[in-house]
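K.L.:
Got a structure for you, questions after.
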Amino acid sequence: MSAAVLREDQWNKILNFICNNHSVYVAGEAACRLFTEAVLRIARSGAQWRLLPEKYGKRNSVYKRSVRWSANRVWEDLHQFFIRDPDMESLMIDSTVIRAHPCAAGALKKHGGQKEQALGRSRGGFSTEIHVAADAPGNPLRFIPTPGQTHDVTQAENLTACYEPQSVIADKGYDSDQFGQSQEKRGIETVIPFRSGRKNPYEYDRDRYKERHLVECFINKIRHFRRIFSRFDKLAERYMSFLQFVGAIIWLR
């Protein structure tokens, strides 16, 4: 089966969401499915919209509909719709730097300009950093985009604020007294190795820390979607729509 074709069970669940979302116009089930698979194809291949095969309909119409769904937060709602009963035995947080293509530069002032589009320069060059929160099995719960040079720990509080896990698992980039104390006040165990050279090293659950590979596995999964792992979109909102859509697809696997 093609990577850009939804299974019947996947489509039935997406259709259930669409039919219950009042901001979505359903012209017909077949046409709506074709549109959804067109966006999946673009996400998977990273192709430009003008290279979308004709079988998906008018390319400009598909593009404009995707933009409307982004503006109405439909892709974000789709991702959140499938987050049912996440396993809060642990919450894993991590980040990855996404290289941005030169065409991602130059957002118009009416959209806030480039400074508002989560683009910056890391050691890897022009980039966006995606901060991820995942539940115990490694399913994506939340994404936060920032410029590529942003330090991991700056988004730790934002990633964990909405959840009440038994523990938070992260790498040593999140080693921070302030973050550790805030989680302790909430009754949440932090499973974070300390940085080398730390003046006051502490104990952490080394066996539980091994579970962190699951959030890394999720990041490896999105590497298969070229439109995510190489940023071509000028607007953060539209780039995040692809990421949220793929997050929903991963929940449906």
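By order in the structure tokens, chains are A, B, ...; within a chain, residues start at 1; ligands start at 1, following the order shown.
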Please list as a list of chain:residue names every residue within 10 Å of Arg123 of chain A, counting only C-alpha atoms and excluding residues in the same chain fewer than 5 positions away.

P.N.:
A:Val97, A:Gly148, A:Gln149

K.L.:
Could the residues of segment 83-185 of chain A that have an atom at most 7 Å from segment 219-235 of chain A be listed as a tab-separated table, each with its closest atom pair and the distance in Å to one decimal, counting only C-alpha atoms and ordered by chain and ascending residue number?

P.N.:
```
residue	atom	partner	partner_atom	distance
A:Ile98	CA	A:Phe229	CA	5.7
A:Arg99	CA	A:Ser230	CA	5.5
A:Ala100	CA	A:Arg231	CA	4.5
A:His101	CA	A:Phe232	CA	5.4
A:Cys103	CA	A:Phe232	CA	6.0
A:Ala104	CA	A:Lys234	CA	4.1
A:Ala105	CA	A:Lys234	CA	5.8
A:Gly106	CA	A:Lys234	CA	6.8
A:Ala107	CA	A:Lys234	CA	5.5
A:Gln117	CA	A:Leu235	CA	5.6
```

K.L.:
For Ala71 of chain A, please output as a ChimeraX atom specification all residues within 12 Å (counting only C-alpha atoms; exclusion window: fewer than 2 positions along the same chain).

P.N.:
/A:23-24,64-69,73-77,111,235-241

K.L.:
When you look at segment 158-174 of chain A with a cut-off of 10 Å (counting only C-alpha atoms), what residues show up, excluding the ones that are within fewer than 4 positions of it in the same chain? I need them as a VMD selection string.

P.N.:
chain A and resid 86 to 95 131 to 136 141 to 144 151 to 154 179 to 180 183 to 184 186 to 196 205 208 to 213 215

K.L.:
Find the residue from A:Ala248, A:Lys115, A:Lys110, A:Phe218 that sits nearest to Phe17 of chain A; use only C-alpha atoms when measuring.

P.N.:
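Nearest candidate to Phe17 of chain A out of A:Ala248, A:Lys115, A:Lys110, A:Phe218: A:Ala248.
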
K.L.:
Which residues, written as a ChimeraX atom specification, have at least one atom at most 8 Å from segment 26-38 of chain A, with only C-alpha atoms counted and residues fewer than 4 positions away on the same chain left out?

P.N.:
/A:4-6,11,15,18-19,42,52,56,62

K.L.:
Just C-alpha atoms for this one: save the residues we selected as a PDB file, in the first residue's frame.

P.N.:
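This went into again19.pdb:
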```pdb
ATOM      1  CA  ALA A   4       0.213   8.352   0.838  1.00  0.00           C
ATOM      2  CA  VAL A   5      -2.939   6.207   1.034  1.00  0.00           C
ATOM      3  CA  LEU A   6      -4.918   5.952   4.265  1.00  0.00           C
ATOM      4  CA  TRP A  11      -9.936   7.173   7.195  1.00  0.00           C
ATOM      5  CA  LEU A  15     -14.041  11.099   8.850  1.00  0.00           C
ATOM      6  CA  ILE A  18     -14.429  15.826  10.217  1.00  0.00           C
ATOM      7  CA  CYS A  19     -18.164  15.187  10.547  1.00  0.00           C
ATOM      8  CA  ILE A  42       2.859  16.389   0.136  1.00  0.00           C
ATOM      9  CA  LEU A  52       0.790  17.374  -6.965  1.00  0.00           C
ATOM     10  CA  TYR A  56      -5.989  14.769  -6.566  1.00  0.00           C
ATOM     11  CA  VAL A  62      -6.127  21.640  -2.676  1.00  0.00           C
TER      12      VAL A  62
END
```

K.L.:
Per DSSP on the backbone, what are the helix (DSSP H, G or I) residues of segment 9-243 of chain A, as a PyMOL selection string?

P.N.:
chain A and resi 9-19+29-45+49-51+54-56+59-71+74-81+102-104+109-111+114-116+152-160+172-174+177-185+206-222+226-229+236-243

K.L.:
Limited to C-alpha atoms, could you put the picked residues into a file as a compact mmCIF listing (two decimals), in the first residue's frame?

P.N.:
```txt
# COMPACT_ATOMS: atom_id res chain seq x y z
CA ASP A 9 -9.77 2.22 9.61
CA GLN A 10 -7.63 5.36 9.60
CA TRP A 11 -9.94 7.17 7.20
CA ASN A 12 -13.08 6.18 9.12
CA LYS A 13 -11.65 7.73 12.30
CA ILE A 14 -10.58 10.89 10.46
CA LEU A 15 -14.04 11.10 8.85
CA ASN A 16 -15.61 10.84 12.29
CA PHE A 17 -13.57 13.86 13.37
CA ILE A 18 -14.43 15.83 10.22
CA CYS A 19 -18.16 15.19 10.55
CA GLU A 29 -16.72 11.74 1.54
CA ALA A 30 -14.72 10.66 -1.51
CA ALA A 31 -13.57 14.21 -2.32
CA CYS A 32 -12.65 14.86 1.31
CA ARG A 33 -10.62 11.66 1.49
CA LEU A 34 -8.82 12.54 -1.73
CA PHE A 35 -7.93 15.96 -0.29
CA THR A 36 -6.64 14.41 2.95
CA GLU A 37 -4.48 11.93 1.04
CA ALA A 38 -3.18 14.76 -1.16
CA VAL A 39 -1.91 16.58 1.94
CA LEU A 40 -0.43 13.32 3.22
CA ARG A 41 1.39 12.90 -0.09
CA ILE A 42 2.86 16.39 0.14
CA ALA A 43 3.90 15.74 3.77
CA ARG A 44 5.55 12.44 2.86
CA SER A 45 7.31 13.52 -0.34
CA TRP A 49 2.10 21.94 -4.34
CA ARG A 50 2.35 22.60 -8.08
CA LEU A 51 3.82 19.10 -8.53
CA GLU A 54 -3.67 15.62 -11.27
CA LYS A 55 -5.65 12.73 -9.78
CA TYR A 56 -5.99 14.77 -6.57
CA ARG A 59 -3.64 21.82 -7.22
CA ASN A 60 -4.43 25.40 -6.26
CA SER A 61 -7.78 24.35 -4.77
CA VAL A 62 -6.13 21.64 -2.68
CA TYR A 63 -3.50 24.13 -1.49
CA LYS A 64 -6.07 26.80 -0.58
CA ARG A 65 -8.18 24.28 1.33
CA SER A 66 -5.14 23.17 3.30
CA VAL A 67 -4.37 26.81 4.13
CA ARG A 68 -7.95 27.32 5.34
CA TRP A 69 -7.67 24.26 7.57
CA SER A 70 -4.46 25.70 8.99
CA ALA A 71 -6.06 29.10 9.67
CA VAL A 74 -8.36 22.02 11.92
CA TRP A 75 -5.04 20.14 11.69
CA GLU A 76 -4.28 20.97 15.32
CA ASP A 77 -7.77 19.85 16.37
CA LEU A 78 -7.31 16.62 14.38
CA HIS A 79 -4.15 15.79 16.33
CA GLN A 80 -5.79 16.58 19.67
CA PHE A 81 -8.88 14.56 18.73
CA PRO A 102 16.04 29.30 1.82
CA CYS A 103 12.48 29.52 0.45
CA ALA A 104 11.20 29.51 4.06
CA LYS A 109 4.81 41.80 7.47
CA LYS A 110 1.07 41.11 7.46
CA HIS A 111 1.96 37.69 8.90
CA GLN A 114 10.15 36.38 9.61
CA LYS A 115 10.88 37.05 13.30
CA GLU A 116 7.48 35.61 14.23
CA ASP A 152 16.03 22.99 25.12
CA VAL A 153 15.32 23.84 28.75
CA THR A 154 13.57 27.13 27.91
CA GLN A 155 10.50 25.16 26.76
CA ALA A 156 10.50 22.50 29.47
CA GLU A 157 7.87 24.22 31.63
CA ASN A 158 5.62 24.87 28.61
CA LEU A 159 5.82 21.25 27.48
CA THR A 160 4.93 19.80 30.88
CA LYS A 172 20.87 16.29 30.34
CA GLY A 173 20.02 19.33 28.23
CA TYR A 174 17.07 19.77 30.60
CA ASP A 177 17.57 23.44 39.31
CA GLN A 178 14.60 25.68 38.56
CA PHE A 179 12.85 23.09 36.40
CA GLY A 180 13.60 20.25 38.83
CA GLN A 181 12.23 22.24 41.77
CA SER A 182 9.06 23.19 39.89
CA GLN A 183 8.35 19.54 39.11
CA GLU A 184 9.09 18.51 42.69
CA LYS A 185 6.50 21.01 43.93
CA ARG A 206 18.85 5.13 35.50
CA ASP A 207 16.62 2.17 34.57
CA ARG A 208 13.63 4.39 33.88
CA TYR A 209 15.83 6.78 31.90
CA LYS A 210 16.32 4.01 29.33
CA GLU A 211 12.68 4.53 28.31
CA ARG A 212 13.64 7.87 26.77
CA HIS A 213 14.50 6.15 23.50
CA LEU A 214 10.75 6.05 22.77
CA VAL A 215 10.53 9.79 22.19
CA GLU A 216 13.62 9.51 20.01
CA CYS A 217 11.80 6.79 18.05
CA PHE A 218 8.96 9.24 17.43
CA ILE A 219 11.40 11.83 16.12
CA ASN A 220 12.85 9.17 13.82
CA LYS A 221 9.34 8.47 12.51
CA ILE A 222 8.81 12.06 11.43
CA ARG A 226 10.17 15.21 4.06
CA ARG A 227 7.87 18.22 4.43
CA ILE A 228 8.48 18.10 8.18
CA PHE A 229 12.15 17.24 8.41
CA ALA A 236 5.16 28.59 11.23
CA GLU A 237 1.40 27.98 11.29
CA ARG A 238 1.49 26.10 7.99
CA TYR A 239 4.62 24.15 8.87
CA MET A 240 3.06 23.12 12.18
CA SER A 241 -0.08 21.95 10.36
CA PHE A 242 1.95 19.28 8.58
CA LEU A 243 3.51 18.23 11.89
```

K.L.:
Please give the complete set of residues from segment 56-235 of chain A that DSSP, run on the backbone, assigns to strand (DSSP E), formatted as a count of residues only.

P.N.:
39

K.L.:
State, in Å with one decimal place, the distance from atom CA of Pro145 of chain A to atom CA of Tyr25 of chain A.

P.N.:
28.6 Å

K.L.:
Just to confirm, what's the straight-line distance from atom CA of Pro140 of chain A to atom CA of Ser176 of chain A in Å (one decimal)?

P.N.:
23.5 Å
